[in-house]
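Everything below belongs to run29.tsv, which stores TSV, C-alpha atoms.
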chain	number	residue	atom	x	y	z
M	1381	MET	CA	127.23	88.72	45.96
M	1382	MET	CA	129.48	86.90	48.42
M	1383	ALA	CA	128.26	83.59	49.84
M	1384	SER	CA	127.85	83.28	53.61
M	1385	TYR	CA	129.17	80.28	55.54
M	1386	PRO	CA	128.42	77.76	56.78
M	1387	ARG	CA	125.85	76.68	54.21
M	1388	PHE	CA	123.90	73.44	54.24
M	1389	VAL	CA	122.81	71.11	51.45
M	1390	VAL	CA	120.71	67.96	51.50
M	1391	GLY	CA	120.37	65.10	49.07
M	1392	PRO	CA	120.94	61.40	48.39
M	1393	ALA	CA	124.51	60.12	48.60
M	1394	ALA	CA	126.01	59.78	45.14
M	1395	SER	CA	128.10	56.79	46.21
M	1396	GLY	CA	128.83	54.71	49.28
M	1397	ARG	CA	132.36	56.06	49.72
M	1398	ALA	CA	131.86	59.08	52.02
M	1399	SER	CA	131.81	58.66	55.81
M	1400	CYS	CA	129.58	60.51	58.24
M	1401	LYS	CA	131.59	63.12	60.18
M	1402	SER	CA	129.53	62.39	63.31
M	1403	CYS	CA	129.23	58.61	63.62
M	1404	LYS	CA	132.14	57.76	61.25
M	1405	ALA	CA	130.08	55.05	59.48
M	1406	LYS	CA	129.86	54.95	55.70
M	1407	ILE	CA	126.89	56.75	54.16
M	1408	ASP	CA	125.15	54.25	51.90
M	1409	LYS	CA	124.51	55.15	48.26
M	1410	ASP	CA	121.16	57.01	47.90
M	1411	ALA	CA	120.85	57.50	51.69
M	1412	LEU	CA	119.82	61.02	52.67
M	1413	ARG	CA	122.72	63.12	53.89
M	1414	VAL	CA	123.31	66.73	54.91
M	1415	GLY	CA	126.44	68.59	53.87
M	1416	THR	CA	127.96	71.45	55.85
M	1417	ILE	CA	129.85	73.74	53.49
M	1418	THR	CA	132.63	75.88	54.98
M	1419	MET	CA	135.31	78.06	53.46
M	1420	GLY	CA	139.02	77.76	54.13
M	1421	GLU	CA	141.45	78.10	51.28
M	1422	PHE	CA	138.58	76.64	49.25
M	1423	GLU	CA	135.07	75.32	49.85
M	1424	MET	CA	134.86	72.08	51.83
M	1425	THR	CA	131.80	69.92	52.47
M	1426	ALA	CA	131.44	67.68	55.54
M	1427	TRP	CA	128.72	65.05	55.11
M	1428	ARG	CA	126.54	63.54	57.82
M	1429	HIS	CA	123.62	61.16	57.89
M	1430	LEU	CA	120.37	63.10	58.12
M	1431	GLU	CA	119.83	61.48	61.53
M	1432	CYS	CA	123.29	62.54	62.75
M	1433	GLN	CA	122.98	66.19	61.70
M	1434	ARG	CA	121.49	68.69	64.12
M	1435	LYS	CA	119.35	71.37	62.56
M	1436	PRO	CA	121.13	74.75	62.83
M	1437	LYS	CA	119.37	76.92	65.42
M	1438	TRP	CA	119.30	79.91	63.10
M	1439	MET	CA	117.64	78.03	60.24
M	1440	THR	CA	113.93	78.87	60.18
M	1441	ASP	CA	113.09	78.12	56.55
M	1442	ILE	CA	113.53	74.62	55.14
M	1443	ASN	CA	114.24	76.12	51.73
M	1444	GLU	CA	117.54	77.38	53.14
M	1445	LEU	CA	118.69	73.78	52.70
M	1446	GLY	CA	120.26	73.65	49.27
M	1447	GLY	CA	118.90	70.80	47.16
M	1448	PHE	CA	115.66	70.40	49.13
M	1449	LEU	CA	113.39	71.33	46.23
M	1450	ALA	CA	115.03	68.72	44.01
M	1451	LEU	CA	114.24	65.82	46.39
M	1452	THR	CA	111.58	63.21	45.76
M	1453	ALA	CA	108.30	63.49	47.66
M	1454	ASP	CA	109.32	60.67	50.02
M	1455	ALA	CA	112.72	62.26	50.72
M	1456	LYS	CA	111.10	65.67	51.28
M	1457	ALA	CA	108.76	64.14	53.88
M	1458	LYS	CA	111.75	62.69	55.79
M	1459	VAL	CA	113.63	66.00	55.69
M	1460	GLU	CA	110.51	67.91	56.78
M	1461	ALA	CA	110.09	65.56	59.78
M	1462	TRP	CA	113.76	66.11	60.68
M	1463	PHE	CA	113.43	69.87	60.26
M	1464	SER	CA	110.29	70.20	62.39
M	1465	ALA	CA	111.43	67.89	65.19
M	1466	ALA	CA	111.96	69.69	68.49
M	1467	PRO	CA	115.52	69.73	69.87
M	1468	ALA	CA	116.24	66.84	72.21
M	1469	LYS	CA	115.78	67.78	75.86
M	1470	LYS	CA	115.12	66.12	79.15
M	1471	ARG	CA	111.43	65.35	79.36
M	1472	SER	CA	109.51	65.96	82.54
M	1473	ALA	CA	108.04	63.15	84.62
M	1474	THR	CA	104.58	64.31	83.53
M	1475	GLU	CA	105.49	64.07	79.83
M	1476	LEU	CA	107.01	60.62	80.27
M	1477	GLU	CA	104.00	59.42	82.25
M	1478	ALA	CA	101.66	60.65	79.49
M	1479	ASP	CA	103.59	58.73	76.82
M	1480	ALA	CA	103.94	55.63	78.99
M	1481	SER	CA	100.16	55.53	79.48
M	1482	LEU	CA	99.33	55.65	75.75
M	1483	ASN	CA	96.94	52.99	74.49
M	1484	PRO	CA	97.57	52.84	70.71
M	1485	LYS	CA	94.79	50.30	70.05
M	1486	LYS	CA	92.17	52.71	71.39
M	1487	MET	CA	93.52	55.89	69.74
M	1488	LYS	CA	91.97	57.52	66.69
M	1489	VAL	CA	94.12	57.82	63.56
M	1490	ASN	CA	94.41	61.64	63.76
M	1491	ASP	CA	95.48	61.40	67.41
M	1492	MET	CA	98.10	58.80	66.53
M	1493	LYS	CA	99.46	60.99	63.75
M	1494	LYS	CA	99.67	63.98	66.09
M	1495	VAL	CA	101.66	62.09	68.74
M	1496	LEU	CA	104.04	60.61	66.16
M	1497	GLN	CA	104.67	64.03	64.62
M	1498	GLU	CA	105.38	65.45	68.08
M	1499	HIS	CA	108.11	62.80	68.40
M	1500	GLY	CA	109.59	63.63	65.00
M	1501	ALA	CA	108.45	60.28	63.61
M	1502	ASP	CA	106.96	59.35	60.25
M	1503	ALA	CA	103.19	59.57	60.71
M	1504	GLY	CA	102.47	57.69	57.47
M	1505	GLY	CA	101.63	54.06	56.87
M	1506	SER	CA	98.72	51.90	57.90
M	1507	LYS	CA	96.90	52.08	61.22
M	1508	GLN	CA	98.82	48.99	62.35
M	1509	ASP	CA	102.12	50.63	61.41
M	1510	MET	CA	101.25	53.67	63.52
M	1511	GLN	CA	100.18	51.47	66.44
M	1512	GLU	CA	103.53	49.67	66.35
M	1513	LYS	CA	105.43	52.97	66.34
M	1514	LEU	CA	103.36	54.27	69.24
M	1515	SER	CA	104.01	51.07	71.19
M	1516	GLU	CA	107.71	51.88	70.82
M	1517	VAL	CA	107.07	55.46	72.01
M	1518	LYS	CA	105.22	54.02	75.01
M	1519	GLY	CA	108.00	51.57	75.85
M	1520	ARG	CA	110.69	54.20	75.40
M	1521	ALA	CA	108.93	56.61	77.77
M	1522	ALA	CA	108.67	53.96	80.50
M	1523	ALA	CA	112.35	53.07	80.11
M	1524	GLU	CA	113.40	56.72	80.04
M	1525	ALA	CA	111.53	57.46	83.26
M	1526	HIS	CA	113.19	54.43	84.87
M	1527	TYR	CA	116.72	55.52	83.96
M	1528	GLN	CA	116.29	59.24	84.54
M	1529	ALA	CA	115.63	58.42	88.19
M	1530	LYS	CA	119.09	56.88	88.51
M	1531	THR	CA	122.31	58.70	89.36
M	1532	ILE	CA	125.21	58.95	86.91
M	1533	ALA	CA	127.13	56.38	88.96
M	1534	GLN	CA	124.18	53.97	88.80
M	1535	LEU	CA	123.79	54.46	85.03
M	1536	LYS	CA	127.49	53.77	84.48
M	1537	ALA	CA	127.21	50.63	86.59
M	1538	VAL	CA	124.34	49.37	84.40
M	1539	LEU	CA	126.30	50.11	81.23
M	1540	GLU	CA	129.44	48.45	82.60
M	1541	SER	CA	127.52	45.30	83.53
M	1542	ASN	CA	126.33	45.14	79.90
M	1543	GLY	CA	129.75	45.82	78.40
M	1544	GLN	CA	128.68	49.17	76.93
M	1545	LEU	CA	130.46	52.52	76.68
M	1546	LYS	CA	130.28	54.58	79.89
M	1547	GLY	CA	131.39	58.03	78.73
M	1548	GLY	CA	129.24	61.09	78.15
M	1549	THR	CA	126.70	63.29	79.87
M	1550	LYS	CA	123.76	61.95	81.86
M	1551	PRO	CA	121.32	62.38	78.89
M	1552	ALA	CA	123.73	60.34	76.73
M	1553	LEU	CA	123.96	57.63	79.40
M	1554	VAL	CA	120.18	57.53	79.73
M	1555	ASP	CA	119.75	57.25	75.95
M	1556	ARG	CA	122.27	54.39	75.83
M	1557	CYS	CA	120.49	52.53	78.64
M	1558	VAL	CA	117.06	53.07	77.07
M	1559	ASP	CA	118.28	51.79	73.71
M	1560	GLY	CA	119.81	48.73	75.35
M	1561	LYS	CA	116.72	47.93	77.39
M	1562	LEU	CA	114.45	48.18	74.33
M	1563	PHE	CA	116.63	46.44	71.75
M	1564	GLY	CA	119.42	44.62	73.58
M	1565	ARG	CA	123.07	45.42	74.25
M	1566	LEU	CA	125.39	46.23	71.37
M	1567	PRO	CA	127.98	43.48	70.74
M	1568	ARG	CA	131.70	43.78	70.23
M	1569	CYS	CA	132.90	44.02	66.66
M	1570	PRO	CA	133.02	40.58	65.02
M	1571	LYS	CA	135.98	41.73	62.89
M	1572	CYS	CA	138.46	43.31	65.34
M	1573	GLY	CA	136.96	42.01	68.59
M	1574	GLY	CA	137.90	45.18	70.44
M	1575	GLY	CA	135.38	47.92	69.68
M	1576	VAL	CA	131.76	47.97	70.83
M	1577	LEU	CA	129.53	48.53	67.81
M	1578	ARG	CA	127.63	51.78	67.45
M	1579	VAL	CA	124.39	52.16	65.54
M	1580	VAL	CA	122.70	54.90	63.52
M	1581	TYR	CA	118.95	54.60	62.99
M	1582	GLN	CA	117.17	55.94	59.92
M	1583	SER	CA	114.32	57.27	62.04
M	1584	LYS	CA	113.71	58.18	65.67
M	1585	VAL	CA	110.77	55.78	66.03
M	1586	GLY	CA	109.80	52.57	64.28
M	1587	HIS	CA	113.28	51.22	63.53
M	1588	GLY	CA	112.94	48.23	65.86
M	1589	GLY	CA	116.60	48.44	66.85
M	1590	LYS	CA	117.77	47.93	63.26
M	1591	GLY	CA	120.06	50.43	61.60
M	1592	LYS	CA	123.58	50.97	60.29
M	1593	PHE	CA	126.14	49.35	62.59
M	1594	SER	CA	129.82	50.27	62.58
M	1595	CYS	CA	132.92	49.78	64.71
M	1596	PRO	CA	134.55	52.96	66.07
M	1597	GLY	CA	137.83	51.14	66.81
M	1598	TYR	CA	139.41	50.74	70.23
M	1599	TYR	CA	142.50	51.48	72.31
M	1600	ASP	CA	145.08	48.72	72.84
M	1601	ASP	CA	147.12	50.18	75.72
M	1602	ASP	CA	148.07	53.63	74.33
M	1603	HIS	CA	147.68	52.63	70.70
M	1604	PHE	CA	144.39	53.30	68.88
M	1605	VAL	CA	143.33	50.46	66.58
M	1606	ARG	CA	141.13	51.56	63.69
M	1607	CYS	CA	138.45	49.32	62.25
M	1608	ASN	CA	136.30	49.80	59.14
M	1609	TYR	CA	133.65	47.19	59.94
M	1610	THR	CA	130.08	48.11	58.94
M	1611	ALA	CA	126.89	46.04	58.74
M	1612	ASN	CA	123.15	46.45	58.34
M	1613	GLU	CA	122.36	44.09	61.21
M	1614	ALA	CA	123.89	42.84	64.42
M	1615	GLU	CA	123.06	40.17	66.98
M	1616	ARG	CA	122.22	42.12	70.10
M	1617	GLY	CA	122.53	40.46	73.48
M	1618	GLN	CA	120.07	40.36	76.36
M	1619	TRP	CA	120.08	43.48	78.52
M	1620	ALA	CA	120.78	43.09	82.22
M	1621	ASP	CA	119.26	45.75	84.46
Turn this file's structure into structure tokens for me.
Amino acid sequence: MMASYPRFVVGPAASGRASCKSCKAKIDKDALRVGTITMGEFEMTAWRHLECQRKPKWMTDINELGGFLALTADAKAKVEAWFSAAPAKKRSATELEADASLNPKKMKVNDMKKVLQEHGADAGGSKQDMQEKLSEVKGRAAAEAHYQAKTIAQLKAVLESNGQLKGGTKPALVDRCVDGKLFGRLPRCPKCGGGVLRVVYQSKVGHGGKGKFSCPGYYDDDHFVRCNYTANEAERGQWAD
């Protein structure tokens, strides 16, 4: 029987040598990654961080991910959360208002788990862990509502005043502003001094602004300067709104 393409596989990175095809940062050894297998003259696999890979729209069964059954229980839970998460979309003012009005300290455990699962977040951990994650959900909703009300020109002005990248669609600009307001502006690369660091989080909620930082490089006149800087932490500056 002939194999159909593309196919997808999931599993821990065997080494720290491969780079994510989306964010360009190295994929740490043992970090969960998703491989997209395509066929040219021979089979080729493009690897991405689990967080950087969008779930294929046609995929309705998690077992269609090669390697899923061989994962540990903890890894399976992370992949299941990724698989069941709803596609990112602009949330309505009513949805944002509901999240912004959450009171984690007064919520029952089952209600907290339900809200976290709706946001594609890990619903495990202690009650305090869940309250902290929901506080982030609450803060993110308030910030998102604030920035969604701005025009593209206004969003770009905010990003420019903070020395951040200004390209992309309005949802991308809003996400960048929300991230900056919650966790601080991303600094310039301490190695090359030209590129603004980018960050990949291991989860949608509960990361506290900490993740895998890397430099995408920068343009010096018409010449692109590459940089291979990566780090697990970065000193983020105060956000100016």
For range 1559-1574 of chain M, find every residue with an atom within 8 Å (counting all atoms listed in the file), except residues of its own chain fewer than 3 positions away, and show them as an mmCIF file with C-alpha atoms, keeping the file's coordinate frame.
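Saved to result.cif:
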data_model
loop_
_atom_site.group_PDB
_atom_site.id
_atom_site.type_symbol
_atom_site.label_atom_id
_atom_site.label_comp_id
_atom_site.auth_asym_id
_atom_site.auth_seq_id
_atom_site.Cartn_x
_atom_site.Cartn_y
_atom_site.Cartn_z
ATOM 1 C CA GLY M 1519 108.000 51.570 75.850
ATOM 2 C CA ARG M 1520 110.690 54.200 75.400
ATOM 3 C CA ALA M 1523 112.350 53.070 80.110
ATOM 4 C CA ASN M 1542 126.330 45.140 79.900
ATOM 5 C CA GLY M 1543 129.750 45.820 78.400
ATOM 6 C CA GLN M 1544 128.680 49.170 76.930
ATOM 7 C CA ASP M 1555 119.750 57.250 75.950
ATOM 8 C CA ARG M 1556 122.270 54.390 75.830
ATOM 9 C CA LEU M 1577 129.530 48.530 67.810
ATOM 10 C CA ARG M 1578 127.630 51.780 67.450
ATOM 11 C CA GLY M 1588 112.940 48.230 65.860
ATOM 12 C CA GLY M 1589 116.600 48.440 66.850
ATOM 13 C CA CYS M 1595 132.920 49.780 64.710
ATOM 14 C CA GLY M 1597 137.830 51.140 66.810
ATOM 15 C CA TYR M 1598 139.410 50.740 70.230
ATOM 16 C CA CYS M 1607 138.450 49.320 62.250
ATOM 17 C CA TYR M 1609 133.650 47.190 59.940
ATOM 18 C CA ALA M 1614 123.890 42.840 64.420
ATOM 19 C CA GLU M 1615 123.060 40.170 66.980
ATOM 20 C CA ARG M 1616 122.220 42.120 70.100
ATOM 21 C CA GLY M 1617 122.530 40.460 73.480
ATOM 22 C CA GLN M 1618 120.070 40.360 76.360
ATOM 23 C CA TRP M 1619 120.080 43.480 78.520
ATOM 24 C CA ALA M 1620 120.780 43.090 82.220
ATOM 25 C CA ASP M 1621 119.260 45.750 84.460
#
Requested in this report: Check the smallest atom-to-atom distance from each of M:Gly1504, M:Arg1413, M:Val1558, M:Leu1451 to Arg1434 in chain M using all atoms listed in the file, then report the winner.
Outcome: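 Using all atoms listed in the file, the shortest distance to Arg1434 in chain M belongs to M:Arg1413.
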Might you pull out every residue within 9 Å of Tyr1599 in chain M, with all atoms listed in the file counted and same-chain residues fewer than 4 positions away left off, and present them as a PDB file with C-alpha atoms, in the frame of the given file?
ATOM      1  CA  GLY M1574     137.900  45.180  70.440  1.00  0.00           C
ATOM      2  CA  GLY M1575     135.380  47.920  69.680  1.00  0.00           C
ATOM      3  CA  HIS M1603     147.680  52.630  70.700  1.00  0.00           C
ATOM      4  CA  PHE M1604     144.390  53.300  68.880  1.00  0.00           C
ATOM      5  CA  VAL M1605     143.330  50.460  66.580  1.00  0.00           C
ATOM      6  CA  ARG M1606     141.130  51.560  63.690  1.00  0.00           C
TER       7      ARG M1606
END
Requested in this report: Find the distance between CA of Asp1491 in chain M and CA of Ser1464 in chain M and write it in Å to one decimal.
Outcome: 17.9 Å
Report task. Determine, counting only C-alpha atoms, which protein, DNA and RNA residues have an atom within 12 Å of an atom of range 1397-1407 of chain M; residues of the same chain fewer than 2 positions away are not included. Present the result as a ChimeraX atom specification. Result -> /M:1391-1395,1409-1416,1425-1434,1577-1582,1591-1597,1606-1612
For those residues, write C-alpha atoms to a file as a tab-separated table (two decimals), in the coordinates of the input.
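The file below, again.tsv, is the result:
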chain	number	residue	atom	x	y	z
M	1391	GLY	CA	120.37	65.10	49.07
M	1392	PRO	CA	120.94	61.40	48.39
M	1393	ALA	CA	124.51	60.12	48.60
M	1394	ALA	CA	126.01	59.78	45.14
M	1395	SER	CA	128.10	56.79	46.21
M	1409	LYS	CA	124.51	55.15	48.26
M	1410	ASP	CA	121.16	57.01	47.90
M	1411	ALA	CA	120.85	57.50	51.69
M	1412	LEU	CA	119.82	61.02	52.67
M	1413	ARG	CA	122.72	63.12	53.89
M	1414	VAL	CA	123.31	66.73	54.91
M	1415	GLY	CA	126.44	68.59	53.87
M	1416	THR	CA	127.96	71.45	55.85
M	1425	THR	CA	131.80	69.92	52.47
M	1426	ALA	CA	131.44	67.68	55.54
M	1427	TRP	CA	128.72	65.05	55.11
M	1428	ARG	CA	126.54	63.54	57.82
M	1429	HIS	CA	123.62	61.16	57.89
M	1430	LEU	CA	120.37	63.10	58.12
M	1431	GLU	CA	119.83	61.48	61.53
M	1432	CYS	CA	123.29	62.54	62.75
M	1433	GLN	CA	122.98	66.19	61.70
M	1434	ARG	CA	121.49	68.69	64.12
M	1577	LEU	CA	129.53	48.53	67.81
M	1578	ARG	CA	127.63	51.78	67.45
M	1579	VAL	CA	124.39	52.16	65.54
M	1580	VAL	CA	122.70	54.90	63.52
M	1581	TYR	CA	118.95	54.60	62.99
M	1582	GLN	CA	117.17	55.94	59.92
M	1591	GLY	CA	120.06	50.43	61.60
M	1592	LYS	CA	123.58	50.97	60.29
M	1593	PHE	CA	126.14	49.35	62.59
M	1594	SER	CA	129.82	50.27	62.58
M	1595	CYS	CA	132.92	49.78	64.71
M	1596	PRO	CA	134.55	52.96	66.07
M	1597	GLY	CA	137.83	51.14	66.81
M	1606	ARG	CA	141.13	51.56	63.69
M	1607	CYS	CA	138.45	49.32	62.25
M	1608	ASN	CA	136.30	49.80	59.14
M	1609	TYR	CA	133.65	47.19	59.94
M	1610	THR	CA	130.08	48.11	58.94
M	1611	ALA	CA	126.89	46.04	58.74
M	1612	ASN	CA	123.15	46.45	58.34
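Take CA of His1526 in chain M and CA of Gln1511 in chain M: the distance between them is 22.8 Å.
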Report task. Using only C-alpha atoms, determine which residues lie at most 10 Å from Ile1442 in chain M, disregarding the query and same-chain residues fewer than 2 positions distant; provide the list as a PyMOL selection string. Result -> chain M and resi 1435+1439-1440+1444-1446+1448-1449+1459-1460+1463-1464
